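Data block for input_14.cif (mmCIF, C-alpha atoms and all ligand atoms):
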data_entry
loop_
_atom_site.label_atom_id
_atom_site.label_comp_id
_atom_site.auth_asym_id
_atom_site.auth_seq_id
_atom_site.Cartn_x
_atom_site.Cartn_y
_atom_site.Cartn_z
CA MET A 381 2.93 42.30 16.25
CA LYS A 382 5.52 41.36 18.83
CA HIS A 383 8.21 39.50 16.99
CA PRO A 384 9.57 36.40 18.72
CA LEU A 385 13.10 37.48 17.79
CA LEU A 386 12.79 41.03 19.07
CA LYS A 387 14.99 40.35 22.10
CA LEU A 388 17.76 38.86 19.97
CA GLU A 389 17.82 41.54 17.28
CA PRO A 390 20.87 43.36 18.72
CA LEU A 391 22.89 40.13 18.71
CA ILE A 392 21.76 39.19 15.22
CA TRP A 393 22.56 42.65 13.98
CA LEU A 394 26.04 42.55 15.56
CA LEU A 395 26.75 39.20 13.86
CA PHE A 396 25.40 40.58 10.59
CA GLY A 397 27.47 43.75 10.93
CA GLN A 398 30.62 41.80 11.70
CA GLY A 399 29.75 39.55 8.76
CA ILE A 400 30.00 42.58 6.54
CA LEU A 401 33.08 44.05 8.21
CA LEU A 402 35.22 41.13 9.30
CA GLY A 403 33.72 38.74 6.78
CA THR A 404 34.65 41.03 3.93
CA ILE A 405 38.09 41.77 5.36
CA LEU A 406 38.78 38.04 5.69
CA LEU A 407 37.10 36.90 2.51
CA THR A 408 38.80 39.34 0.18
CA PRO A 409 42.39 38.18 0.78
CA TRP A 410 41.12 34.59 0.89
CA VAL A 411 39.58 34.90 -2.57
CA LEU A 412 42.65 36.79 -3.80
CA VAL A 413 45.03 34.05 -2.67
CA VAL A 414 42.98 30.94 -3.39
CA GLY A 415 40.90 32.20 -6.31
CA LEU A 416 43.45 34.30 -8.18
CA GLY A 417 46.91 34.03 -6.64
CA VAL A 418 47.33 30.27 -6.93
CA PRO A 419 45.66 29.74 -10.35
CA LEU A 420 47.64 32.61 -11.85
CA GLY A 421 50.88 31.32 -10.38
CA ILE A 422 51.48 34.48 -8.33
CA VAL A 423 51.30 32.41 -5.17
CA PRO A 424 53.21 29.12 -5.60
CA ALA A 425 50.87 26.15 -5.24
CA GLU A 426 53.19 24.52 -2.70
CA ALA A 427 52.48 27.45 -0.38
CA LEU A 428 49.05 25.92 0.09
CA SER A 429 50.14 22.31 0.07
CA TYR A 430 48.14 20.00 2.34
CA GLU A 431 50.79 19.92 5.07
CA ARG A 432 51.16 23.67 5.16
CA ALA A 433 47.41 24.29 4.99
CA ILE A 434 46.68 21.88 7.82
CA ALA A 435 49.42 23.42 9.92
CA LEU A 436 47.98 26.86 9.30
CA ALA A 437 44.42 25.72 10.03
CA SER A 438 45.25 23.92 13.24
CA HIS A 439 47.04 26.91 14.76
CA ILE A 440 44.72 28.74 17.15
CA VAL A 441 44.81 31.92 15.03
CA GLY A 442 44.12 29.85 11.92
CA ARG A 443 41.16 28.20 13.61
CA LEU A 444 39.73 31.55 14.71
CA ILE A 445 40.11 32.98 11.22
CA LEU A 446 38.44 29.95 9.67
CA LEU A 447 35.60 30.16 12.13
CA GLY A 448 35.08 33.86 11.40
CA LEU A 449 35.36 33.20 7.71
CA ILE A 450 32.52 30.67 7.80
CA VAL A 451 30.25 31.90 10.57
CA LEU A 452 30.12 35.65 10.06
CA PRO A 453 29.25 35.63 6.34
CA LEU A 454 26.65 32.99 7.15
CA TRP A 455 24.85 35.43 9.45
CA LYS A 456 25.29 38.23 6.99
CA GLY A 457 23.80 36.01 4.31
CA VAL A 458 20.69 34.89 6.18
CA HIS A 459 20.06 38.42 7.44
CA HIS A 460 20.19 39.70 3.87
CA MET A 461 17.89 36.89 2.76
CA ARG A 462 15.43 37.77 5.50
CA HIS A 463 15.34 41.43 4.50
CA SER A 464 15.11 40.62 0.79
CA PHE A 465 12.19 38.37 1.62
CA ILE A 466 10.49 41.22 3.48
CA ASP A 467 11.22 43.62 0.61
CA PHE A 468 9.62 41.24 -1.85
CA GLY A 469 6.38 41.29 0.07
CA GLY A 470 6.95 38.68 2.75
CA ALA A 471 6.56 40.99 5.73
CA GLU A 472 3.63 39.06 7.21
CA ARG A 473 5.55 35.81 7.09
CA ASP A 474 8.64 37.30 8.71
CA ALA A 475 7.69 35.86 12.12
CA LEU A 476 8.06 32.42 10.56
CA VAL A 477 10.81 32.94 8.01
CA ALA A 478 13.23 34.89 10.21
CA PRO A 479 13.50 32.22 12.95
CA LEU A 480 13.94 29.55 10.26
CA LEU A 481 16.77 31.42 8.56
CA TYR A 482 18.49 32.22 11.82
CA LEU A 483 18.10 28.63 12.91
CA LEU A 484 19.88 27.64 9.72
CA ALA A 485 22.70 30.06 10.52
CA THR A 486 22.88 28.74 14.07
CA ILE A 487 23.17 25.15 12.88
CA GLY A 488 25.82 26.20 10.37
CA SER A 489 27.72 28.04 13.08
CA VAL A 490 27.67 25.07 15.43
CA LEU A 491 28.81 22.73 12.65
CA ALA A 492 31.59 25.16 11.76
CA LEU A 493 32.66 25.33 15.38
CA VAL A 494 32.75 21.54 15.66
CA ALA A 495 34.69 21.23 12.40
CA VAL A 496 37.19 23.90 13.40
CA VAL A 497 37.75 22.33 16.82
CA ARG A 498 38.30 18.91 15.27
CA ILE A 499 40.86 19.99 12.67
CA MET B 341 -0.16 86.54 -18.16
CA SER B 342 1.10 86.79 -21.75
CA ASP B 343 -0.85 85.01 -24.49
CA GLY B 344 1.61 82.24 -25.07
CA GLN B 345 1.59 81.32 -21.41
CA GLN B 346 2.62 77.76 -20.67
CA LYS B 347 0.03 75.32 -19.45
CA LYS B 348 0.41 72.21 -17.38
CA THR B 349 -2.02 69.52 -16.35
CA PHE B 350 -2.10 68.49 -12.72
CA VAL B 351 -3.45 65.06 -12.02
CA ILE B 352 -4.38 65.23 -8.37
CA THR B 353 -5.49 62.44 -6.08
CA ARG B 354 -8.81 63.37 -4.52
CA PHE B 355 -10.53 61.67 -1.62
CA ASP B 356 -13.54 62.77 0.36
CA PRO B 357 -14.21 60.24 3.10
CA ASP B 358 -17.89 61.22 3.20
CA ARG B 359 -18.47 60.56 -0.50
CA ASP B 360 -15.70 58.42 -1.94
CA ASP B 361 -15.04 54.76 -1.31
CA ALA B 362 -11.54 55.03 -2.68
CA PRO B 363 -9.21 57.81 -3.81
CA ARG B 364 -9.76 59.01 -7.38
CA LYS B 365 -7.77 61.15 -9.79
CA GLN B 366 -8.85 64.56 -11.02
CA ALA B 367 -7.05 66.53 -13.74
CA TYR B 368 -6.76 70.30 -13.86
CA GLU B 369 -5.16 72.16 -16.76
CA ILE B 370 -3.91 75.54 -15.64
CA PRO B 371 -1.62 78.32 -16.87
CA VAL B 372 1.68 78.28 -14.99
CA HIS B 373 4.47 80.80 -14.39
CA PRO B 374 8.09 79.89 -15.00
CA ASP B 375 9.05 80.72 -11.44
CA TRP B 376 6.28 78.77 -9.74
CA LYS B 377 6.81 75.98 -7.28
CA VAL B 378 4.50 72.98 -7.28
CA LEU B 379 2.68 74.48 -4.30
CA ASP B 380 1.87 77.65 -6.25
CA ALA B 381 0.03 75.55 -8.81
CA LEU B 382 -1.98 73.80 -6.09
CA ASN B 383 -2.86 77.12 -4.51
CA PHE B 384 -3.91 78.46 -7.92
CA ILE B 385 -6.21 75.48 -8.41
CA LYS B 386 -7.70 75.92 -4.95
CA ASP B 387 -8.16 79.69 -5.30
CA GLU B 388 -9.31 79.91 -8.91
CA ILE B 389 -10.78 76.60 -10.00
CA ASP B 390 -11.79 74.21 -7.27
CA ALA B 391 -12.16 75.43 -3.72
CA THR B 392 -12.89 71.91 -2.51
CA LEU B 393 -9.28 70.81 -2.97
CA SER B 394 -7.60 70.22 0.40
CA HIS B 395 -3.87 70.42 0.94
CA ARG B 396 -1.57 71.55 3.75
CA TRP B 397 1.01 74.29 3.63
CA SER B 398 2.13 77.21 5.72
CA CYS B 399 5.56 78.80 5.45
CA ARG B 400 6.28 78.45 1.71
CA MET B 401 9.99 78.39 2.50
CA ALA B 402 10.80 74.80 3.34
CA VAL B 403 10.77 75.40 7.07
CA CYS B 404 7.41 74.31 8.49
CA GLY B 405 7.43 70.88 6.87
CA SER B 406 3.69 70.76 6.21
CA CYS B 407 3.56 70.73 2.38
CA GLY B 408 5.03 67.28 1.72
CA MET B 409 3.33 65.31 -1.09
CA MET B 410 4.13 62.74 -3.72
CA VAL B 411 5.04 64.66 -6.87
CA ASP B 412 5.33 62.35 -9.85
CA GLY B 413 5.63 59.50 -7.38
CA GLU B 414 8.46 60.96 -5.27
CA PRO B 415 8.05 62.47 -1.80
CA ARG B 416 8.78 66.19 -2.11
CA LEU B 417 8.25 69.48 -0.31
CA THR B 418 5.91 71.14 -2.80
CA CYS B 419 6.97 74.65 -1.77
CA LYS B 420 10.58 73.80 -2.61
CA GLU B 421 10.15 71.99 -5.93
CA ALA B 422 10.44 74.24 -8.98
CA LEU B 423 7.66 73.44 -11.42
CA ASP B 424 9.83 73.81 -14.52
CA GLN B 425 11.67 70.57 -13.78
CA TYR B 426 8.45 68.63 -14.39
CA GLY B 427 6.77 67.73 -17.67
CA ASP B 428 3.44 68.91 -19.06
CA THR B 429 1.56 66.57 -16.77
CA VAL B 430 2.36 66.49 -13.07
CA ASP B 431 0.95 63.87 -10.77
CA VAL B 432 0.31 64.99 -7.20
CA ALA B 433 -0.76 62.54 -4.50
CA PRO B 434 -0.76 62.47 -0.69
CA LEU B 435 2.41 61.23 1.01
CA ALA B 436 2.72 57.47 0.73
CA ASN B 437 2.67 55.21 3.83
CA PHE B 438 0.20 57.44 5.72
CA PRO B 439 -3.57 57.24 6.15
CA VAL B 440 -5.32 59.97 4.14
CA VAL B 441 -7.66 62.40 5.87
CA ARG B 442 -8.84 64.07 2.69
CA ASP B 443 -7.37 64.77 -0.76
CA LEU B 444 -3.70 65.58 -0.19
CA VAL B 445 -3.91 65.79 3.59
CA ILE B 446 -2.47 62.89 5.54
CA GLU B 447 -3.01 61.75 9.11
CA ALA B 448 0.14 62.50 11.14
CA ASP B 449 -0.96 61.23 14.57
CA GLY B 450 1.04 58.00 14.34
CA PHE B 451 4.13 59.97 13.41
CA MET B 452 3.63 62.35 16.33
CA GLU B 453 3.41 59.40 18.72
CA LYS B 454 6.65 58.01 17.32
CA LEU B 455 8.33 61.37 17.80
CA THR B 456 7.44 61.50 21.48
CA SER B 457 8.24 57.80 21.99
CA VAL B 458 11.98 58.48 21.60
CA LYS B 459 11.91 61.03 24.47
CA PRO B 460 13.18 63.99 22.47
CA TRP B 461 14.21 66.15 25.38
CA ILE B 462 17.27 66.43 27.60
CA ILE B 463 17.14 63.78 30.30
CA ARG B 464 19.23 64.31 33.42
CA ALA B 465 19.74 61.96 36.32
CA LYS B 466 19.80 65.04 38.54
CA GLU B 467 18.69 68.47 37.35
CA LEU B 468 21.31 71.16 37.77
CA ALA B 469 20.30 73.87 40.21
CA VAL B 470 19.96 77.33 38.71
CA GLU B 471 22.81 78.60 40.91
CA GLU B 472 25.14 76.15 39.26
CA GLY B 473 24.91 78.22 36.12
CA PRO B 474 24.32 77.19 32.51
CA MET B 475 25.43 73.87 31.10
CA ARG B 476 28.27 74.58 28.76
CA GLN B 477 28.74 72.99 25.40
CA SER B 478 31.71 73.36 23.10
CA PRO B 479 31.30 73.98 19.36
CA GLY B 480 32.70 70.49 18.85
CA GLU B 481 30.05 68.95 21.10
CA LEU B 482 27.37 70.90 19.26
CA GLU B 483 28.71 69.65 15.94
CA GLU B 484 28.18 66.06 17.13
CA PHE B 485 24.41 66.31 16.84
CA LYS B 486 23.67 69.56 15.02
CA GLN B 487 22.96 67.94 11.68
CA PHE B 488 20.37 65.62 13.22
CA SER B 489 18.57 68.56 14.78
CA MET B 490 17.81 70.18 11.42
CA CYS B 491 14.74 67.98 10.80
CA ILE B 492 11.52 69.88 10.06
CA ASN B 493 9.23 66.85 10.56
CA CYS B 494 8.01 66.92 6.97
CA MET B 495 7.64 63.12 6.96
CA LEU B 496 9.08 62.71 3.45
CA CYS B 497 11.44 60.09 4.86
CA TYR B 498 8.53 57.99 6.12
CA SER B 499 7.02 58.13 2.68
CA ALA B 500 10.26 57.03 1.06
CA CYS B 501 11.14 54.30 3.56
CA PRO B 502 10.48 50.74 2.33
CA VAL B 503 10.57 49.47 5.91
CA VAL B 504 7.84 51.86 7.07
CA ALA B 505 5.77 50.58 4.15
CA ASN B 506 6.14 47.00 5.37
CA GLU B 507 6.17 47.53 9.12
CA PRO B 508 3.99 50.45 10.19
CA GLU B 509 5.22 50.06 13.79
CA PHE B 510 8.85 50.83 12.80
CA ILE B 511 9.87 54.00 14.68
CA GLY B 512 11.16 55.37 11.40
CA PRO B 513 13.92 57.70 10.20
CA ALA B 514 12.92 61.15 11.54
CA ALA B 515 12.00 59.95 15.03
CA ILE B 516 15.14 57.80 15.39
CA ALA B 517 17.29 60.70 14.16
CA LEU B 518 15.61 62.95 16.72
CA GLY B 519 16.14 60.51 19.58
CA HIS B 520 19.72 59.95 18.49
CA ARG B 521 20.26 63.71 18.38
CA TYR B 522 19.41 63.90 22.10
CA SER B 523 21.51 60.88 22.98
CA LEU B 524 24.46 62.59 21.28
CA ASP B 525 23.93 65.81 23.21
CA SER B 526 26.69 66.33 25.79
CA ARG B 527 24.12 67.65 28.28
CA ASP B 528 21.93 64.56 28.05
CA GLU B 529 22.04 61.42 30.18
CA GLY B 530 19.09 59.55 28.69
CA ALA B 531 20.79 57.40 26.05
CA ALA B 532 20.07 54.16 27.94
CA GLU B 533 16.34 54.92 28.10
CA ARG B 534 16.24 55.71 24.41
CA ASN B 535 18.24 52.61 23.55
CA GLU B 536 15.51 50.61 25.20
CA VAL B 537 12.95 52.29 22.97
CA PHE B 538 15.20 51.65 19.98
CA ARG B 539 15.26 47.93 20.82
CA GLY B 540 11.51 47.82 21.49
CA GLU B 541 8.51 47.05 19.30
CA GLY B 542 9.40 49.51 16.53
CA THR B 543 13.03 48.39 16.67
CA VAL B 544 15.77 50.29 14.84
CA PHE B 545 17.08 46.91 13.67
CA SER B 546 14.20 46.68 11.21
CA CYS B 547 16.04 49.25 9.09
CA SER B 548 17.62 47.54 6.10
CA PHE B 549 19.72 50.61 5.23
CA ALA B 550 17.98 51.38 1.93
CA ASN B 551 19.14 54.98 2.50
CA GLU B 552 15.99 56.33 0.81
CA CYS B 553 15.30 58.58 3.81
CA SER B 554 18.56 60.45 3.34
CA GLU B 555 17.97 60.64 -0.42
CA VAL B 556 14.68 62.50 -0.05
CA CYS B 557 15.47 64.59 3.04
CA PRO B 558 15.05 68.25 1.99
CA LYS B 559 17.20 69.37 4.93
CA HIS B 560 20.11 66.96 4.41
CA VAL B 561 19.70 65.58 7.91
CA ASP B 562 20.98 62.16 6.78
CA PRO B 563 18.58 60.14 8.94
CA ALA B 564 20.03 56.89 7.57
CA ALA B 565 23.33 57.72 9.29
CA ALA B 566 21.48 58.45 12.53
CA VAL B 567 19.54 55.19 12.35
CA ASN B 568 22.68 53.16 11.80
CA GLN B 569 24.60 54.91 14.57
CA ALA B 570 21.57 54.30 16.77
CA LYS B 571 21.68 50.58 15.88
CA LEU B 572 25.31 50.35 16.91
CA ASN B 573 24.71 52.20 20.19
CA ALA B 574 21.62 50.13 20.98
CA ALA B 575 23.51 46.90 20.25
CA ILE B 576 26.59 47.85 22.27
CA ASP B 577 24.37 49.02 25.11
CA TRP B 578 22.52 45.67 24.95
CA ALA B 579 25.77 43.71 25.07
CA THR B 580 27.17 45.74 27.97
CA SER B 581 23.98 45.47 30.00
CA LEU B 582 24.12 41.72 29.42
CA VAL B 583 27.62 41.55 30.89
CA LEU B 584 26.84 44.00 33.69
CA SER B 585 23.63 42.25 34.76
CA ARG B 586 25.74 39.17 35.53
CA GLY B 587 27.50 41.25 38.15
CA GLY B 588 24.18 42.06 39.75
CA SER B 589 24.11 45.74 38.80
CA LYS B 590 21.77 47.25 36.20
S1 LIG A 601 5.04 75.18 3.15
FE1 LIG A 601 6.33 75.04 4.88
S2 LIG A 601 7.73 73.56 4.23
FE2 LIG A 601 6.55 73.84 2.46
#

Represent the structure of the file as structure tokens.
Amino acid sequence: MKHPLLKLEPLIWLLFGQGILLGTILLTPWVLVVGLGVPLGIVPAEALSYERAIALASHIVGRLILLGLIVLPLWKGVHHMRHSFIDFGGAERDALVAPLLYLLATIGSVLALVAVVRI
Amino acid sequence: MSDGQQKKTFVITRFDPDRDDAPRKQAYEIPVHPDWKVLDALNFIKDEIDATLSHRWSCRMAVCGSCGMMVDGEPRLTCKEALDQYGDTVDVAPLANFPVVRDLVIEADGFMEKLTSVKPWIIRAKELAVEEGPMRQSPGELEEFKQFSMCINCMLCYSACPVVANEPEFIGPAAIALGHRYSLDSRDEGAAERNEVFRGEGTVFSCSFANECSEVCPKHVDPAAAVNQAKLNAAIDWATSLVLSRGGSK
């Protein structure tokens, strides 16, 4: 069965791989700061005050990091979902499910891009 | 041959395409020796009890790769597996994920086609003339691919691979490792051709990195590493050819 996505597999895999690598590198400190640092008082709450956060997010580096933080794990997530679906016996439906999942990730990526540009 | 000799029961999957509609199980209780391998028990059954039992083997030293079977549900080289690690009842079945020819003998044609599909030979843009002398390779360059050349084509990895089970067209661990071995060879110039195969119908990207192939490999080839390196190379090669094709070249 020729898969409709066959031609795009390298791109999808690169996004997925970067989702694991960069996504994890970016997400870990993010969770540490926002999820643990601030609630535990290690990072002062004012450090993430609205003014500071918006300044950080509207800097070009901040925008790029935010984009990576949202988009890459999204691709990692749908790729994992696709393969879990196959592993649970959905191999025959892959030709339908895979494009749907990747479409979802594409929409999410575009929305993230728009949001990041408009900050 | 002492009186108190240990006995084990072997529950063997039998299938005769001329007589059976589906595989069936047959049990044989036999005396076993402490130093036997699983293969010795099968040979004993064939020689002493039931000459109709069909199974493949040759070297008895984990080199030829022909004696792979499912032993208690796991793909194993039967000539390598000591019998004493198993219980009183041992289940022996043909390798999973392959069509069965008869009893414990599987059909390997599909696997052979996959092996040749990755062009497992040294590809050169221009052959060196004999006068130019031998192609030299440093120990370091040899080390690059040596591990991936240790495969004995026993097909245990195909039996263990959940992706092969779902997608029979997947090139699979051993063949990808073999192709990758040649692409890593300093004398070879065929990586681009193989990358195309790797991105083709049986795409390397189908691998979900379950790592089962490397778990069962009796030769510690680590095919999972080869497959994932092959993915990266095939993806980078794809991205570069995308950029280069803009410029009008290949
Ligand atoms: S008989 Fe040759 S590998 Fe087992």

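The shortest atom-to-atom distance to ligand LIG 601 (chain A), with only C-alpha atoms and all ligand atoms taken into account, belongs to B:Pro558 out of B:Pro513, B:Pro558, B:Pro479, B:Pro563.
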
Per-residue nearest contacts chain B to chain A, cut-off 7 Å, using all atoms listed in the file, as CSV:
residue,atom,partner,partner_atom,distance
B:Asn506,CA,A:Ala471,CA,6.0
B:Glu541,CA,A:Lys382,CA,6.4
B:Phe545,CA,A:Glu389,CA,6.5
B:Ser548,CA,A:His463,CA,6.7
B:Ala575,CA,A:Pro390,CA,4.7
B:Trp578,CA,A:Pro390,CA,6.8

If the limit is 9 Å from any atom of ligand LIG 601 (chain A), counting all atoms listed in the file, which residues qualify? Return them as an MDAnalysis selection string. chainID B and resid 379 396:408 417:420 492 494

Considering only C-alpha atoms, return as a PyMOL selection string whatever protein or nucleic-acid residues lie within 9 Å of Ile450 in chain A, sequence-local ones (same chain, fewer than 6 positions apart) excluded. chain A and resi 403+488-489+492

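One finds CA of Asp356 in chain B at 27.4 Å from CA of Trp376 in chain B.
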
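Neighbouring residues of Ala475 in chain A at 7 Å or closer, counting only C-alpha atoms and skipping chain neighbours under 2 positions away, are His383, Pro384, Arg473, Val477, Ala478 and Pro479 of chain A.
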
Hey, what's within 10 Å of Ile385 in chain B if we count only C-alpha atoms and toss same-chain stuff fewer than 5 positions away? As a list in words, please? Phe350, Tyr368, Glu369, Ile370, Leu379, Asp380, Asp390, Ala391, Thr392 and Leu393 of chain B

Of the residues B:Asp528, B:Glu533, B:Glu483, B:Glu552, which is the one nearest to Arg464 in chain B, using all atoms listed in the file? B:Asp528

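Comparing A:Met461, A:Leu484, A:Ala437, A:Ala425 by their smallest distance to Arg498 in chain A, the closest is A:Ala437 (using only C-alpha atoms).
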
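Proximity to Ala532 in chain B was assessed for B:Ala515, B:Val378, B:Val458, B:Ala362 counting only C-alpha atoms; the smallest distance is recorded for B:Val458.
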
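Using all atoms listed in the file, the nearest neighbour of Lys454 in chain B within the list B:Ala565, B:Val503, B:Leu518, B:Met409 is B:Leu518.
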
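Distance check against Asp428 in chain B using only C-alpha atoms: of B:Gly473, B:Pro508, B:Pro371, B:Gly519, the minimum falls on B:Pro371.
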
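Every protein, DNA or RNA residue with an atom at most 9 Å from range 400-402 of chain A, where only C-alpha atoms count and chain neighbours fewer than 4 positions away do not, is listed here: Leu395, Phe396, Leu406, Leu407, Gly448, Leu449, Leu452, Pro453 and Lys456 of chain A.
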
Around (-4.7, 61.8, 0.7) in the file's own coordinates, what residues are found within 12 Å if you use only C-alpha atoms, given back as a ChimeraX atom specification? /B:352-357,360,362-365,393-396,408-410,432-448

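Here CA of Ile463 in chain B is placed at a distance of 26.3 Å from CA of His560 in chain B.
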
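With CA of Ser526 in chain B on one side and CA of Ser478 in chain B on the other, the separation reads 9.0 Å.
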
How would range 406-414 of chain B read, as a JSON list (two decimals), keeping the file's coordinate frame, once all heavy atoms are built in?
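To be explicit, this is the file written out as rebuild.json:
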[["chain", "number", "residue", "atom", "x", "y", "z"],
["B", 406, "SER", "N", 5.07, 71.23, 6.31],
["B", 406, "SER", "CA", 3.69, 70.76, 6.21],
["B", 406, "SER", "C", 3.25, 70.45, 4.77],
["B", 406, "SER", "O", 2.19, 69.89, 4.59],
["B", 406, "SER", "CB", 2.74, 71.77, 6.83],
["B", 406, "SER", "OG", 2.85, 73.01, 6.16],
["B", 407, "CYS", "N", 4.06, 70.81, 3.76],
["B", 407, "CYS", "CA", 3.56, 70.73, 2.38],
["B", 407, "CYS", "C", 4.07, 69.49, 1.65],
["B", 407, "CYS", "O", 4.04, 69.47, 0.42],
["B", 407, "CYS", "CB", 3.93, 71.98, 1.62],
["B", 407, "CYS", "SG", 5.71, 72.10, 1.34],
["B", 408, "GLY", "N", 4.50, 68.47, 2.37],
["B", 408, "GLY", "CA", 5.03, 67.28, 1.72],
["B", 408, "GLY", "C", 3.95, 66.50, 0.95],
["B", 408, "GLY", "O", 2.87, 66.28, 1.48],
["B", 409, "MET", "N", 4.25, 66.13, -0.27],
["B", 409, "MET", "CA", 3.33, 65.31, -1.09],
["B", 409, "MET", "C", 4.15, 64.47, -2.05],
["B", 409, "MET", "O", 5.34, 64.69, -2.23],
["B", 409, "MET", "CB", 2.39, 66.22, -1.90],
["B", 409, "MET", "CG", 1.46, 67.06, -1.05],
["B", 409, "MET", "SD", 0.68, 68.34, -2.02],
["B", 409, "MET", "CE", 0.47, 69.61, -0.77],
["B", 410, "MET", "N", 3.47, 63.51, -2.67],
["B", 410, "MET", "CA", 4.13, 62.74, -3.72],
["B", 410, "MET", "C", 3.98, 63.52, -5.03],
["B", 410, "MET", "O", 2.86, 63.74, -5.49],
["B", 410, "MET", "CB", 3.49, 61.36, -3.89],
["B", 410, "MET", "CG", 3.38, 60.53, -2.63],
["B", 410, "MET", "SD", 4.94, 60.15, -1.83],
["B", 410, "MET", "CE", 5.60, 58.92, -2.91],
["B", 411, "VAL", "N", 5.09, 63.96, -5.59],
["B", 411, "VAL", "CA", 5.04, 64.66, -6.87],
["B", 411, "VAL", "C", 5.68, 63.75, -7.90],
["B", 411, "VAL", "O", 6.86, 63.39, -7.76],
["B", 411, "VAL", "CB", 5.78, 66.02, -6.79],
["B", 411, "VAL", "CG1", 5.62, 66.78, -8.10],
["B", 411, "VAL", "CG2", 5.27, 66.85, -5.62],
["B", 412, "ASP", "N", 4.90, 63.36, -8.87],
["B", 412, "ASP", "CA", 5.33, 62.35, -9.85],
["B", 412, "ASP", "C", 5.91, 61.12, -9.14],
["B", 412, "ASP", "O", 6.96, 60.58, -9.52],
["B", 412, "ASP", "CB", 6.36, 62.95, -10.83],
["B", 412, "ASP", "CG", 5.67, 63.66, -12.00],
["B", 412, "ASP", "OD1", 4.42, 63.62, -12.06],
["B", 412, "ASP", "OD2", 6.38, 64.25, -12.83],
["B", 413, "GLY", "N", 5.26, 60.74, -8.07],
["B", 413, "GLY", "CA", 5.63, 59.50, -7.38],
["B", 413, "GLY", "C", 6.76, 59.62, -6.37],
["B", 413, "GLY", "O", 7.10, 58.64, -5.72],
["B", 414, "GLU", "N", 7.36, 60.80, -6.23],
["B", 414, "GLU", "CA", 8.46, 60.96, -5.27],
["B", 414, "GLU", "C", 8.02, 61.89, -4.15],
["B", 414, "GLU", "O", 7.38, 62.92, -4.40],
["B", 414, "GLU", "CB", 9.68, 61.58, -5.96],
["B", 414, "GLU", "CG", 10.26, 60.77, -7.10],
["B", 414, "GLU", "CD", 10.94, 59.49, -6.61],
["B", 414, "GLU", "OE1", 11.33, 59.44, -5.43],
["B", 414, "GLU", "OE2", 11.05, 58.55, -7.41]]
